[in-house]
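Everything on this sheet refers to the single structure shown next.
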Amino acid sequence: MKVSDYIVELLESKGVTTVFELSGGMITHLLDSFCQHKTIRVVSMHHEQGAAFAAEAFGRMTGVPGVALATSGPGATNLLTGVGSCYFDSSPAVFITGQVNRHEQKGDRTVRQLGFQETDIVSMAQPITKAAWRVKTVEEVPQIFERAFALALEGRPGPVLVDVPMDIQRAEIAASVPGNDPKAATSATPLEESLWTSIIAQLRAAQRPLILVGGGVRSGHAAELLREFAAQARIPVVHSLMGVDVLPYAHPLRVGMIGSYGNRWANWAVGMSDFLLVLGSRLDVRQTGSETQSFKAGRAIIHVDCDPAEVNSRIIGCTAVIRSLKDFLTEAATRLAAIPLPSRAEWAAQIAAQRAEWPDVREFRPPVGINPNEFMHALSRSSVSAGAYIVDVGQHQMWAAQSLELNERQRFLTSGGMGSMGFGLPAAVGAALARPGTPLVVIAGDGGFQCNIQELQTVIRNQLPLKLVVINNHCHGMVRQFQESYFDSRYQSTMWGYSAPDFVKVAEAYGIAARRVASSGEVAPALHWLWEQPDTPMLLEVSIESSTNVYPKMAFGRPITEMEPFAKPTEMEGT
């Protein structure tokens with residue numbers, strides 16, 4: 001068969017049901033093979049970055065590596081932001097790029113380019129992938145693609161890129177696609193007895209223990225195990241931005257989000273804790289603040305991660321447990337089954353008192369208009385049937401993470417490590433196709449929404465049930481808040497030199513019903529309207545004051561418990 005046909009059949013054997021792409025000359029053989037086989041849905045996006053984000057979300061939602069295709073040159077380079085997003089957030093994906101024919105490649109010549117649009121995408125992608133390979137011979141196609149799918153999933157998940165020259169795509173291959181025969185899972189070697197003895201002794205002695213969960217709990221497919229373990233151990237749980245959906249909002253052990261824009265009571269709980277069990281979190285600066293010594297001081301930290309490079313990287317002196325979360329939580333449940341643990345009711349009551357004293361909706365009350373934290377609570381109550389919230393990057397992202405009330409079925413997808421504006425809309429396309437027939441909510445800011453606004457056409461063409469919420473503060477709000485703090489309110493390029501269109505008119509131009517609200521009294525009827533037709537894409541623009549800040553915000557240079565607006569930073573943020 002033709003190599004492009006072989007690749008399509010191999011993708012099918014790996015459980016791939018949908019691929020995302022933007023057409024180009026160097027992937028026409030692949031596109032034609034998809035067309036003729038008709039077994040895998042091909043979703044045409046309007047920018048390769050959108051295709052990459054859609055593939056990332058599809059992989060996060062299904063556990064099967066998301067797949068995106070792009071042609072050589074600008075098509076391949078346009079993928080890179082999405083490739084990096086997969087790498088930093090541990091999302092399994094396989095990216096396939098077309099390349100010029102082998103005889104048109106410059107090889108060792110000193111010319112910049114030989115074939116039209118020839119670009120060394122493999123060298124560019126290597127720092128942000130688990131592996132990037134160019135296929136050099138027809139014979140190595142089976143091995144490379146088999147390895148790509150295995151590598152995307154094993155250990156810490158992530159992206160792999162395979163660059164396939166056009167002459168190889170159209171060549172004949174004698175190999176047949178092997179059956180998808182997954183290897184039997186091997187039992188992990190138990191942790192050393194002395195390490196378990198130490199962990200359990202510290203846990204039993206702790207008066208104010210916490211579990212901190214990060215994105216690794218989801219990427220490691222350990223969310224259910226985490227919920228069972230937390231209930232068994234009776235330990236309150238805080239989470240990072242990437243761990244928002246591990247515990248439902250109403251779970252009795254859920255405390256809230258920590259970090260730069262964390263809930264004030266959650267950061268307080270970390271500061272007061274004497275034992276911290278970290279599960280699948282990198283403990284980066286946006287979680288801990290810049291004062292790493294104060295974060296570690298006064299508490300024992302057990303840091304569990306499958307990637308040894310992430311442990312004792314910034315926060316030094318942690319007890320390292322290099323383990324998959326599934327293995328650790330399974331063994332921990334067995335160990336704790338025979339050990340009585342205290343309820344620590346007083347500790348839970350202290351956290352509850354802090355939450356009552358510092359509710360999220362009163363951290364910043366705009367003098368007029370809509371309170372975004374209050375809006376997130378109202379949106380949650382009207383969106384209980386949504387399967388997921390897909391959230392872009394900016395102030396709205398933090399309001400959503402602080403205040404959304406997720407139920408046990410709902411996911412929360414956002415761009416964490418890359419922090420890329422423009423993630424939300426195309427990622428929602430991928431998430432919607434991963435959960436066909438289930439309505440999803442997109443939350444974006446006016447700035448980020450414009451980055452990939454062209455994918456509204458993809459939404460309407462595929463009639464995806466997306467409820468699009470654009471929080472329009474008429475500026476690049478997060479950087480504007482940064483300029484307010486550090487640049488004497490000189491709002492260059494965030495308010496001065498920035499503008500946005502009428503999103504209602506834009507949506508209607510694409511054939512999407514739209515509506516705008518600007519006062520709190522308009523919110524309830526607008527949300528009712530948004531859900532009158534659950535299966536229909538609709539857009540709600542929420543206009544808020546440009547001066548609305550995200551609070552609380554960790555005061556940079558101070559401990560995690562000291563937060564703006566009451567505490568002031570001692571140095572300028574470097575991240």
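To be explicit about the labels: the chains of the structure tokens are called A, B, and onward in the order shown, and within each one the residues are counted from 1, while ligands get numbers from 1 in the order they are shown.
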| request: Please run DSSP on the backbone and report, as a count of residues only, all residues within range 149-313 of chain A that come out as helix (DSSP H, G or I). | output: 61
| task | Tell me, as a PyMOL selection string, which residues lie within 12 Å of Leu341 in chain A, counting only C-alpha atoms; anything in the same chain fewer than 3 positions away does not count. | result | chain A and resi 200-207+209+230-235+335-338+344-345
Could you list, as a PDB file with all heavy atoms, in the first residue's frame, every residue within 12 Å of Ile453 in chain A, counting only C-alpha atoms and ignoring same-chain residues fewer than 2 positions away?
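Result went into part-v7.pdb, see below:
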```pdb
ATOM      1  N   MET A  45      -9.089  23.192  10.356  1.00  0.00           N
ATOM      2  CA  MET A  45      -9.049  24.416  11.145  1.00  0.00           C
ATOM      3  C   MET A  45      -8.650  25.577  10.230  1.00  0.00           C
ATOM      4  O   MET A  45      -8.396  25.379   9.039  1.00  0.00           O
ATOM      5  CB  MET A  45      -8.067  24.269  12.303  1.00  0.00           C
ATOM      6  CG  MET A  45      -8.284  23.026  13.166  1.00  0.00           C
ATOM      7  SD  MET A  45      -9.788  23.053  14.175  1.00  0.00           S
ATOM      8  CE  MET A  45      -9.331  24.233  15.448  1.00  0.00           C
ATOM      9  N   HIS A  46      -8.552  26.772  10.790  1.00  0.00           N
ATOM     10  CA  HIS A  46      -8.203  27.935   9.980  1.00  0.00           C
ATOM     11  C   HIS A  46      -6.838  28.503  10.337  1.00  0.00           C
ATOM     12  O   HIS A  46      -6.450  29.557   9.834  1.00  0.00           O
ATOM     13  CB  HIS A  46      -9.290  29.000  10.112  1.00  0.00           C
ATOM     14  CG  HIS A  46     -10.577  28.572   9.487  1.00  0.00           C
ATOM     15  ND1 HIS A  46     -10.829  28.675   8.135  1.00  0.00           N
ATOM     16  CD2 HIS A  46     -11.671  27.960  10.011  1.00  0.00           C
ATOM     17  CE1 HIS A  46     -12.035  28.196   7.858  1.00  0.00           C
ATOM     18  NE2 HIS A  46     -12.558  27.746   8.990  1.00  0.00           N
ATOM     19  N   HIS A  47      -6.117  27.824  11.199  1.00  0.00           N
ATOM     20  CA  HIS A  47      -4.732  28.151  11.515  1.00  0.00           C
ATOM     21  C   HIS A  47      -4.133  26.916  12.159  1.00  0.00           C
ATOM     22  O   HIS A  47      -4.791  26.218  12.936  1.00  0.00           O
ATOM     23  CB  HIS A  47      -4.641  29.353  12.461  1.00  0.00           C
ATOM     24  CG  HIS A  47      -3.274  29.958  12.557  1.00  0.00           C
ATOM     25  ND1 HIS A  47      -2.243  29.365  13.254  1.00  0.00           N
ATOM     26  CD2 HIS A  47      -2.762  31.102  12.030  1.00  0.00           C
ATOM     27  CE1 HIS A  47      -1.156  30.116  13.162  1.00  0.00           C
ATOM     28  NE2 HIS A  47      -1.446  31.173  12.420  1.00  0.00           N
ATOM     29  N   GLN A  49      -1.938  26.716  14.456  1.00  0.00           N
ATOM     30  CA  GLN A  49      -1.916  26.810  15.915  1.00  0.00           C
ATOM     31  C   GLN A  49      -3.232  26.305  16.491  1.00  0.00           C
ATOM     32  O   GLN A  49      -3.256  25.611  17.504  1.00  0.00           O
ATOM     33  CB  GLN A  49      -1.670  28.253  16.371  1.00  0.00           C
ATOM     34  CG  GLN A  49      -1.527  28.390  17.878  1.00  0.00           C
ATOM     35  CD  GLN A  49      -1.402  29.835  18.327  1.00  0.00           C
ATOM     36  OE1 GLN A  49      -2.344  30.418  18.853  1.00  0.00           O
ATOM     37  NE2 GLN A  49      -0.229  30.415  18.123  1.00  0.00           N
ATOM     38  N   GLY A  50      -4.337  26.661  15.845  1.00  0.00           N
ATOM     39  CA  GLY A  50      -5.637  26.157  16.275  1.00  0.00           C
ATOM     40  C   GLY A  50      -5.708  24.645  16.187  1.00  0.00           C
ATOM     41  O   GLY A  50      -6.266  23.983  17.079  1.00  0.00           O
ATOM     42  N   MET A 421      -2.328  32.941  25.122  1.00  0.00           N
ATOM     43  CA  MET A 421      -3.584  33.520  24.677  1.00  0.00           C
ATOM     44  C   MET A 421      -3.953  32.888  23.333  1.00  0.00           C
ATOM     45  O   MET A 421      -3.100  32.600  22.509  1.00  0.00           O
ATOM     46  CB  MET A 421      -3.441  35.038  24.516  1.00  0.00           C
ATOM     47  CG  MET A 421      -3.268  35.784  25.810  1.00  0.00           C
ATOM     48  SD  MET A 421      -2.809  37.525  25.555  1.00  0.00           S
ATOM     49  CE  MET A 421      -4.185  38.108  24.571  1.00  0.00           C
ATOM     50  N   GLY A 422      -5.251  32.691  23.133  1.00  0.00           N
ATOM     51  CA  GLY A 422      -5.711  32.041  21.913  1.00  0.00           C
ATOM     52  C   GLY A 422      -5.936  30.556  22.062  1.00  0.00           C
ATOM     53  O   GLY A 422      -6.361  29.886  21.118  1.00  0.00           O
ATOM     54  N   PHE A 423      -5.673  30.013  23.238  1.00  0.00           N
ATOM     55  CA  PHE A 423      -5.847  28.576  23.489  1.00  0.00           C
ATOM     56  C   PHE A 423      -7.320  28.182  23.493  1.00  0.00           C
ATOM     57  O   PHE A 423      -7.699  27.132  22.965  1.00  0.00           O
ATOM     58  CB  PHE A 423      -5.199  28.226  24.827  1.00  0.00           C
ATOM     59  CG  PHE A 423      -5.486  26.829  25.334  1.00  0.00           C
ATOM     60  CD1 PHE A 423      -4.691  25.761  24.956  1.00  0.00           C
ATOM     61  CD2 PHE A 423      -6.542  26.584  26.206  1.00  0.00           C
ATOM     62  CE1 PHE A 423      -4.941  24.479  25.426  1.00  0.00           C
ATOM     63  CE2 PHE A 423      -6.803  25.317  26.689  1.00  0.00           C
ATOM     64  CZ  PHE A 423      -6.002  24.257  26.294  1.00  0.00           C
ATOM     65  N   GLY A 424      -8.171  28.993  24.114  1.00  0.00           N
ATOM     66  CA  GLY A 424      -9.513  28.553  24.496  1.00  0.00           C
ATOM     67  C   GLY A 424     -10.397  28.087  23.371  1.00  0.00           C
ATOM     68  O   GLY A 424     -10.945  26.980  23.409  1.00  0.00           O
ATOM     69  N   LEU A 425     -10.586  28.914  22.335  1.00  0.00           N
ATOM     70  CA  LEU A 425     -11.539  28.576  21.279  1.00  0.00           C
ATOM     71  C   LEU A 425     -11.133  27.331  20.500  1.00  0.00           C
ATOM     72  O   LEU A 425     -11.934  26.402  20.368  1.00  0.00           O
ATOM     73  CB  LEU A 425     -11.734  29.781  20.353  1.00  0.00           C
ATOM     74  CG  LEU A 425     -12.715  29.597  19.190  1.00  0.00           C
ATOM     75  CD1 LEU A 425     -14.079  29.148  19.675  1.00  0.00           C
ATOM     76  CD2 LEU A 425     -12.832  30.892  18.385  1.00  0.00           C
ATOM     77  N   PRO A 426      -9.907  27.235  19.955  1.00  0.00           N
ATOM     78  CA  PRO A 426      -9.557  26.006  19.236  1.00  0.00           C
ATOM     79  C   PRO A 426      -9.482  24.779  20.138  1.00  0.00           C
ATOM     80  O   PRO A 426      -9.830  23.671  19.711  1.00  0.00           O
ATOM     81  CB  PRO A 426      -8.200  26.326  18.612  1.00  0.00           C
ATOM     82  CG  PRO A 426      -7.662  27.466  19.388  1.00  0.00           C
ATOM     83  CD  PRO A 426      -8.840  28.249  19.859  1.00  0.00           C
ATOM     84  N   ALA A 444     -13.220  33.171  27.625  1.00  0.00           N
ATOM     85  CA  ALA A 444     -12.067  33.849  27.028  1.00  0.00           C
ATOM     86  C   ALA A 444     -12.153  35.337  27.320  1.00  0.00           C
ATOM     87  O   ALA A 444     -13.225  35.867  27.630  1.00  0.00           O
ATOM     88  CB  ALA A 444     -12.016  33.612  25.523  1.00  0.00           C
ATOM     89  N   GLY A 445     -11.019  36.008  27.213  1.00  0.00           N
ATOM     90  CA  GLY A 445     -10.994  37.453  27.297  1.00  0.00           C
ATOM     91  C   GLY A 445     -11.048  38.055  25.908  1.00  0.00           C
ATOM     92  O   GLY A 445     -10.848  37.366  24.906  1.00  0.00           O
ATOM     93  N   ASP A 446     -11.291  39.348  25.837  1.00  0.00           N
ATOM     94  CA  ASP A 446     -11.381  39.996  24.529  1.00  0.00           C
ATOM     95  C   ASP A 446     -10.051  39.923  23.775  1.00  0.00           C
ATOM     96  O   ASP A 446     -10.038  39.769  22.550  1.00  0.00           O
ATOM     97  CB  ASP A 446     -11.843  41.450  24.667  1.00  0.00           C
ATOM     98  CG  ASP A 446     -11.020  42.243  25.675  1.00  0.00           C
ATOM     99  OD1 ASP A 446     -11.029  41.873  26.858  1.00  0.00           O
ATOM    100  OD2 ASP A 446     -10.382  43.238  25.294  1.00  0.00           O
ATOM    101  N   GLY A 447      -8.928  40.008  24.497  1.00  0.00           N
ATOM    102  CA  GLY A 447      -7.631  39.932  23.837  1.00  0.00           C
ATOM    103  C   GLY A 447      -7.339  38.540  23.316  1.00  0.00           C
ATOM    104  O   GLY A 447      -7.007  38.352  22.139  1.00  0.00           O
ATOM    105  N   GLY A 448      -7.459  37.534  24.174  1.00  0.00           N
ATOM    106  CA  GLY A 448      -7.167  36.167  23.767  1.00  0.00           C
ATOM    107  C   GLY A 448      -8.123  35.648  22.712  1.00  0.00           C
ATOM    108  O   GLY A 448      -7.731  34.884  21.821  1.00  0.00           O
ATOM    109  N   PHE A 449      -9.393  36.047  22.796  1.00  0.00           N
ATOM    110  CA  PHE A 449     -10.382  35.554  21.836  1.00  0.00           C
ATOM    111  C   PHE A 449     -10.020  35.974  20.417  1.00  0.00           C
ATOM    112  O   PHE A 449     -10.255  35.238  19.456  1.00  0.00           O
ATOM    113  CB  PHE A 449     -11.765  36.072  22.211  1.00  0.00           C
ATOM    114  CG  PHE A 449     -12.898  35.302  21.593  1.00  0.00           C
ATOM    115  CD1 PHE A 449     -13.135  33.987  21.945  1.00  0.00           C
ATOM    116  CD2 PHE A 449     -13.731  35.901  20.659  1.00  0.00           C
ATOM    117  CE1 PHE A 449     -14.184  33.267  21.384  1.00  0.00           C
ATOM    118  CE2 PHE A 449     -14.787  35.202  20.091  1.00  0.00           C
ATOM    119  CZ  PHE A 449     -15.012  33.876  20.454  1.00  0.00           C
ATOM    120  N   GLN A 450      -9.414  37.158  20.286  1.00  0.00           N
ATOM    121  CA  GLN A 450      -9.051  37.635  18.955  1.00  0.00           C
ATOM    122  C   GLN A 450      -7.870  36.878  18.357  1.00  0.00           C
ATOM    123  O   GLN A 450      -7.676  36.895  17.143  1.00  0.00           O
ATOM    124  CB  GLN A 450      -8.722  39.129  19.006  1.00  0.00           C
ATOM    125  CG  GLN A 450      -9.918  40.000  19.325  1.00  0.00           C
ATOM    126  CD  GLN A 450      -9.578  41.470  19.255  1.00  0.00           C
ATOM    127  OE1 GLN A 450      -9.515  42.054  18.169  1.00  0.00           O
ATOM    128  NE2 GLN A 450      -9.352  42.076  20.419  1.00  0.00           N
ATOM    129  N   CYS A 451      -7.090  36.197  19.191  1.00  0.00           N
ATOM    130  CA  CYS A 451      -5.905  35.500  18.680  1.00  0.00           C
ATOM    131  C   CYS A 451      -6.265  34.358  17.725  1.00  0.00           C
ATOM    132  O   CYS A 451      -5.522  34.069  16.790  1.00  0.00           O
ATOM    133  CB  CYS A 451      -5.064  34.970  19.839  1.00  0.00           C
ATOM    134  SG  CYS A 451      -4.238  36.239  20.799  1.00  0.00           S
ATOM    135  N   GLU A 455     -11.553  30.569  14.306  1.00  0.00           N
ATOM    136  CA  GLU A 455     -12.099  29.227  14.521  1.00  0.00           C
ATOM    137  C   GLU A 455     -13.593  29.246  14.838  1.00  0.00           C
ATOM    138  O   GLU A 455     -14.208  28.182  14.977  1.00  0.00           O
ATOM    139  CB  GLU A 455     -11.317  28.507  15.616  1.00  0.00           C
ATOM    140  CG  GLU A 455      -9.828  28.355  15.337  1.00  0.00           C
ATOM    141  CD  GLU A 455      -9.470  27.741  13.984  1.00  0.00           C
ATOM    142  OE1 GLU A 455     -10.336  27.073  13.369  1.00  0.00           O
ATOM    143  OE2 GLU A 455      -8.330  27.948  13.526  1.00  0.00           O
ATOM    144  N   LEU A 456     -14.197  30.434  14.918  1.00  0.00           N
ATOM    145  CA  LEU A 456     -15.664  30.482  14.969  1.00  0.00           C
ATOM    146  C   LEU A 456     -16.267  29.800  13.740  1.00  0.00           C
ATOM    147  O   LEU A 456     -17.340  29.206  13.816  1.00  0.00           O
ATOM    148  CB  LEU A 456     -16.144  31.930  15.064  1.00  0.00           C
ATOM    149  CG  LEU A 456     -15.945  32.639  16.408  1.00  0.00           C
ATOM    150  CD1 LEU A 456     -16.337  34.108  16.298  1.00  0.00           C
ATOM    151  CD2 LEU A 456     -16.735  31.951  17.513  1.00  0.00           C
ATOM    152  N   GLN A 457     -15.556  29.893  12.620  1.00  0.00           N
ATOM    153  CA  GLN A 457     -16.058  29.221  11.421  1.00  0.00           C
ATOM    154  C   GLN A 457     -16.014  27.700  11.585  1.00  0.00           C
ATOM    155  O   GLN A 457     -16.908  26.987  11.119  1.00  0.00           O
ATOM    156  CB  GLN A 457     -15.240  29.640  10.195  1.00  0.00           C
ATOM    157  CG  GLN A 457     -15.731  29.055   8.881  1.00  0.00           C
ATOM    158  CD  GLN A 457     -17.152  29.485   8.552  1.00  0.00           C
ATOM    159  OE1 GLN A 457     -17.503  30.641   8.725  1.00  0.00           O
ATOM    160  NE2 GLN A 457     -17.976  28.557   8.106  1.00  0.00           N
ATOM    161  N   THR A 458     -14.989  27.200  12.262  1.00  0.00           N
ATOM    162  CA  THR A 458     -14.912  25.766  12.534  1.00  0.00           C
ATOM    163  C   THR A 458     -16.059  25.331  13.444  1.00  0.00           C
ATOM    164  O   THR A 458     -16.636  24.259  13.268  1.00  0.00           O
ATOM    165  CB  THR A 458     -13.566  25.421  13.187  1.00  0.00           C
ATOM    166  OG1 THR A 458     -12.503  26.011  12.431  1.00  0.00           O
ATOM    167  CG2 THR A 458     -13.361  23.919  13.264  1.00  0.00           C
ATOM    168  N   VAL A 459     -16.390  26.166  14.414  1.00  0.00           N
ATOM    169  CA  VAL A 459     -17.489  25.863  15.338  1.00  0.00           C
ATOM    170  C   VAL A 459     -18.802  25.753  14.583  1.00  0.00           C
ATOM    171  O   VAL A 459     -19.554  24.786  14.728  1.00  0.00           O
ATOM    172  CB  VAL A 459     -17.579  26.947  16.434  1.00  0.00           C
ATOM    173  CG1 VAL A 459     -18.836  26.752  17.283  1.00  0.00           C
ATOM    174  CG2 VAL A 459     -16.340  26.926  17.315  1.00  0.00           C
ATOM    175  N   LEU A 468     -20.025  30.175  24.288  1.00  0.00           N
ATOM    176  CA  LEU A 468     -18.846  31.031  24.235  1.00  0.00           C
ATOM    177  C   LEU A 468     -19.067  32.270  25.094  1.00  0.00           C
ATOM    178  O   LEU A 468     -19.956  33.080  24.810  1.00  0.00           O
ATOM    179  CB  LEU A 468     -18.569  31.436  22.788  1.00  0.00           C
ATOM    180  CG  LEU A 468     -18.454  30.265  21.794  1.00  0.00           C
ATOM    181  CD1 LEU A 468     -18.679  30.746  20.380  1.00  0.00           C
ATOM    182  CD2 LEU A 468     -17.109  29.585  21.935  1.00  0.00           C
ATOM    183  N   VAL A 470     -17.296  35.633  26.429  1.00  0.00           N
ATOM    184  CA  VAL A 470     -16.165  36.542  26.257  1.00  0.00           C
ATOM    185  C   VAL A 470     -16.232  37.612  27.350  1.00  0.00           C
ATOM    186  O   VAL A 470     -17.161  38.422  27.385  1.00  0.00           O
ATOM    187  CB  VAL A 470     -16.180  37.211  24.870  1.00  0.00           C
ATOM    188  CG1 VAL A 470     -14.987  38.164  24.726  1.00  0.00           C
ATOM    189  CG2 VAL A 470     -16.140  36.150  23.769  1.00  0.00           C
ATOM    190  N   ALA A 500     -10.835  46.337  20.421  1.00  0.00           N
ATOM    191  CA  ALA A 500     -11.489  45.057  20.109  1.00  0.00           C
ATOM    192  C   ALA A 500     -12.753  45.341  19.303  1.00  0.00           C
ATOM    193  O   ALA A 500     -13.328  46.434  19.395  1.00  0.00           O
ATOM    194  CB  ALA A 500     -11.837  44.304  21.391  1.00  0.00           C
ATOM    195  N   PRO A 501     -13.201  44.385  18.515  1.00  0.00           N
ATOM    196  CA  PRO A 501     -14.418  44.590  17.729  1.00  0.00           C
ATOM    197  C   PRO A 501     -15.676  44.372  18.574  1.00  0.00           C
ATOM    198  O   PRO A 501     -15.597  44.015  19.750  1.00  0.00           O
ATOM    199  CB  PRO A 501     -14.293  43.515  16.649  1.00  0.00           C
ATOM    200  CG  PRO A 501     -13.594  42.393  17.343  1.00  0.00           C
ATOM    201  CD  PRO A 501     -12.605  43.062  18.272  1.00  0.00           C
ATOM    202  N   PHE A 503     -18.072  41.997  19.488  1.00  0.00           N
ATOM    203  CA  PHE A 503     -18.083  40.540  19.403  1.00  0.00           C
ATOM    204  C   PHE A 503     -19.465  39.992  19.055  1.00  0.00           C
ATOM    205  O   PHE A 503     -19.569  38.910  18.461  1.00  0.00           O
ATOM    206  CB  PHE A 503     -17.572  39.922  20.710  1.00  0.00           C
ATOM    207  CG  PHE A 503     -16.117  40.168  20.956  1.00  0.00           C
ATOM    208  CD1 PHE A 503     -15.694  41.103  21.880  1.00  0.00           C
ATOM    209  CD2 PHE A 503     -15.159  39.478  20.233  1.00  0.00           C
ATOM    210  CE1 PHE A 503     -14.353  41.343  22.108  1.00  0.00           C
ATOM    211  CE2 PHE A 503     -13.809  39.694  20.444  1.00  0.00           C
ATOM    212  CZ  PHE A 503     -13.402  40.640  21.386  1.00  0.00           C
ATOM    213  N   VAL A 506     -19.537  40.207  15.327  1.00  0.00           N
ATOM    214  CA  VAL A 506     -18.620  39.213  14.754  1.00  0.00           C
ATOM    215  C   VAL A 506     -19.249  37.822  14.798  1.00  0.00           C
ATOM    216  O   VAL A 506     -19.239  37.084  13.806  1.00  0.00           O
ATOM    217  CB  VAL A 506     -17.273  39.229  15.498  1.00  0.00           C
ATOM    218  CG1 VAL A 506     -16.413  38.040  15.070  1.00  0.00           C
ATOM    219  CG2 VAL A 506     -16.526  40.531  15.242  1.00  0.00           C
ATOM    220  N   ALA A 507     -19.802  37.459  15.947  1.00  0.00           N
ATOM    221  CA  ALA A 507     -20.429  36.142  16.068  1.00  0.00           C
ATOM    222  C   ALA A 507     -21.580  36.002  15.088  1.00  0.00           C
ATOM    223  O   ALA A 507     -21.727  34.963  14.411  1.00  0.00           O
ATOM    224  CB  ALA A 507     -20.914  35.927  17.497  1.00  0.00           C
ATOM    225  N   TYR A 510     -20.647  35.146  11.633  1.00  0.00           N
ATOM    226  CA  TYR A 510     -20.346  33.724  11.445  1.00  0.00           C
ATOM    227  C   TYR A 510     -21.601  32.849  11.536  1.00  0.00           C
ATOM    228  O   TYR A 510     -21.514  31.634  11.355  1.00  0.00           O
ATOM    229  CB  TYR A 510     -19.333  33.256  12.490  1.00  0.00           C
ATOM    230  CG  TYR A 510     -17.900  33.608  12.178  1.00  0.00           C
ATOM    231  CD1 TYR A 510     -17.280  34.691  12.783  1.00  0.00           C
ATOM    232  CD2 TYR A 510     -17.147  32.844  11.286  1.00  0.00           C
ATOM    233  CE1 TYR A 510     -15.957  35.018  12.518  1.00  0.00           C
ATOM    234  CE2 TYR A 510     -15.828  33.156  11.006  1.00  0.00           C
ATOM    235  CZ  TYR A 510     -15.235  34.243  11.624  1.00  0.00           C
ATOM    236  OH  TYR A 510     -13.926  34.554  11.348  1.00  0.00           O
TER     237      TYR A 510
END
```
| task | Within 12 Å of Asp502 in chain A, counting only C-alpha atoms, which residues show up once you throw out same-chain ones fewer than 5 positions away? Write them as number ranges by chain, please. | result | A: 446, 450, 470, 472, 474, 507-509, 514-516, 539-543
Report as CSV: every residue of range 223-295 of chain A with an atom at most 8 Å from range 308-327 of chain A, its closest pair of atoms, and their distance in Å to one decimal, counting only C-alpha atoms, with rows sorted by chain and ascending residue number.
```
residue,atom,partner,partner_atom,distance
A:Leu225,CA,A:Lys326,CA,7.1
A:Leu279,CA,A:Leu325,CA,7.1
A:Gly280,CA,A:Leu325,CA,7.2
A:Arg282,CA,A:Glu310,CA,5.8
A:Leu283,CA,A:Ile315,CA,7.2
A:Asp284,CA,A:Arg314,CA,7.1
A:Thr292,CA,A:Ile315,CA,5.8
A:Gln293,CA,A:Ile315,CA,7.4
A:Phe295,CA,A:Ile315,CA,7.7
```
Ala386 in chain A: which residues within 6 Å, counting only C-alpha atoms, same-chain residues fewer than 3 positions away excluded, as a PDB file with N, CA, C and O atoms, in the first residue's frame?
```
ATOM      1  N   SER A 383     -24.764  26.188  34.283  1.00  0.00           N
ATOM      2  CA  SER A 383     -24.059  25.331  33.324  1.00  0.00           C
ATOM      3  C   SER A 383     -23.783  23.934  33.865  1.00  0.00           C
ATOM      4  O   SER A 383     -22.775  23.321  33.528  1.00  0.00           O
ATOM      5  N   PRO A 439     -22.555  19.664  25.562  1.00  0.00           N
ATOM      6  CA  PRO A 439     -22.226  21.087  25.481  1.00  0.00           C
ATOM      7  C   PRO A 439     -21.062  21.435  26.397  1.00  0.00           C
ATOM      8  O   PRO A 439     -20.908  20.861  27.479  1.00  0.00           O
ATOM      9  N   LEU A 440     -20.247  22.367  25.953  1.00  0.00           N
ATOM     10  CA  LEU A 440     -19.085  22.822  26.712  1.00  0.00           C
ATOM     11  C   LEU A 440     -19.120  24.334  26.813  1.00  0.00           C
ATOM     12  O   LEU A 440     -19.725  25.020  25.980  1.00  0.00           O
TER      13      LEU A 440
END
```
| Neighbours of Thr414 in chain A within 8 Å (only C-alpha atoms; same-chain residues fewer than 4 positions away dropped), as a PyMOL selection string? | chain A and resi 242+390-393+397+423-424
| task | Would you list the contacts of Ala567 in chain A as a ChimeraX atom specification, taking every protein, DNA or RNA residue within 12 Å and counting only C-alpha atoms, but skipping same-chain residues closer than 6 positions in sequence? | result | /A:551-561
Restricted to C-alpha atoms, what would the selected residues look like written as a PDB file, in the first residue's frame?
```pdb
ATOM      1  CA  TYR A 551      -7.357  39.819  43.678  1.00  0.00           C
ATOM      2  CA  PRO A 552      -6.020  38.348  45.794  1.00  0.00           C
ATOM      3  CA  LYS A 553      -2.616  38.345  44.148  1.00  0.00           C
ATOM      4  CA  MET A 554       0.538  37.089  45.818  1.00  0.00           C
ATOM      5  CA  ALA A 555       2.817  40.005  46.700  1.00  0.00           C
ATOM      6  CA  PHE A 556       5.978  39.137  44.800  1.00  0.00           C
ATOM      7  CA  GLY A 557       9.012  38.795  47.047  1.00  0.00           C
ATOM      8  CA  ARG A 558       6.883  37.924  50.074  1.00  0.00           C
ATOM      9  CA  PRO A 559       5.666  34.581  51.495  1.00  0.00           C
ATOM     10  CA  ILE A 560       2.683  32.881  49.900  1.00  0.00           C
ATOM     11  CA  THR A 561       0.335  34.107  52.642  1.00  0.00           C
TER      12      THR A 561
END
```
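Closest to Tyr249 in chain A among A:Glu228, A:Glu405, A:Glu140, A:Asp360 is A:Glu405, based on only C-alpha atoms.
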| Å distance separating CA of Ser415 in chain A from CA of Phe275 in chain A, one decimal place |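 Atom-to-atom, CA of Ser415 in chain A to CA of Phe275 in chain A, that is 29.0 Å.
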| request: Identify which of the residues A:Ala175, A:Val270, A:Ala518, A:Val504 lies closest to Val368 in chain A, counting only C-alpha atoms when measuring atom-to-atom distances. | output: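 Distance minimum relative to Val368 in chain A lands on A:Ala518.
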Show me, as a Markdown table, the residues of range 420-512 of chain A having an atom within 12 Å of range 15-27 of chain A, each with the closest atom pair and its distance in Å, using only C-alpha atoms.
```
| residue | atom | partner | partner_atom | distance |
| --- | --- | --- | --- | --- |
| A:Pro426 | CA | A:Phe20 | CA | 10.2 |
| A:Ala427 | CA | A:Phe20 | CA | 11.0 |
| A:Val429 | CA | A:Phe20 | CA | 9.7 |
| A:Gly430 | CA | A:Phe20 | CA | 8.3 |
| A:Ala431 | CA | A:Thr18 | CA | 11.1 |
| A:Ala432 | CA | A:Thr18 | CA | 11.4 |
| A:Leu433 | CA | A:Thr18 | CA | 7.8 |
| A:Ala434 | CA | A:Thr18 | CA | 8.3 |
| A:Arg435 | CA | A:Thr18 | CA | 11.6 |
| A:Pro436 | CA | A:Thr18 | CA | 11.5 |
| A:Glu455 | CA | A:Leu22 | CA | 11.6 |
| A:Thr458 | CA | A:Phe20 | CA | 10.9 |
```
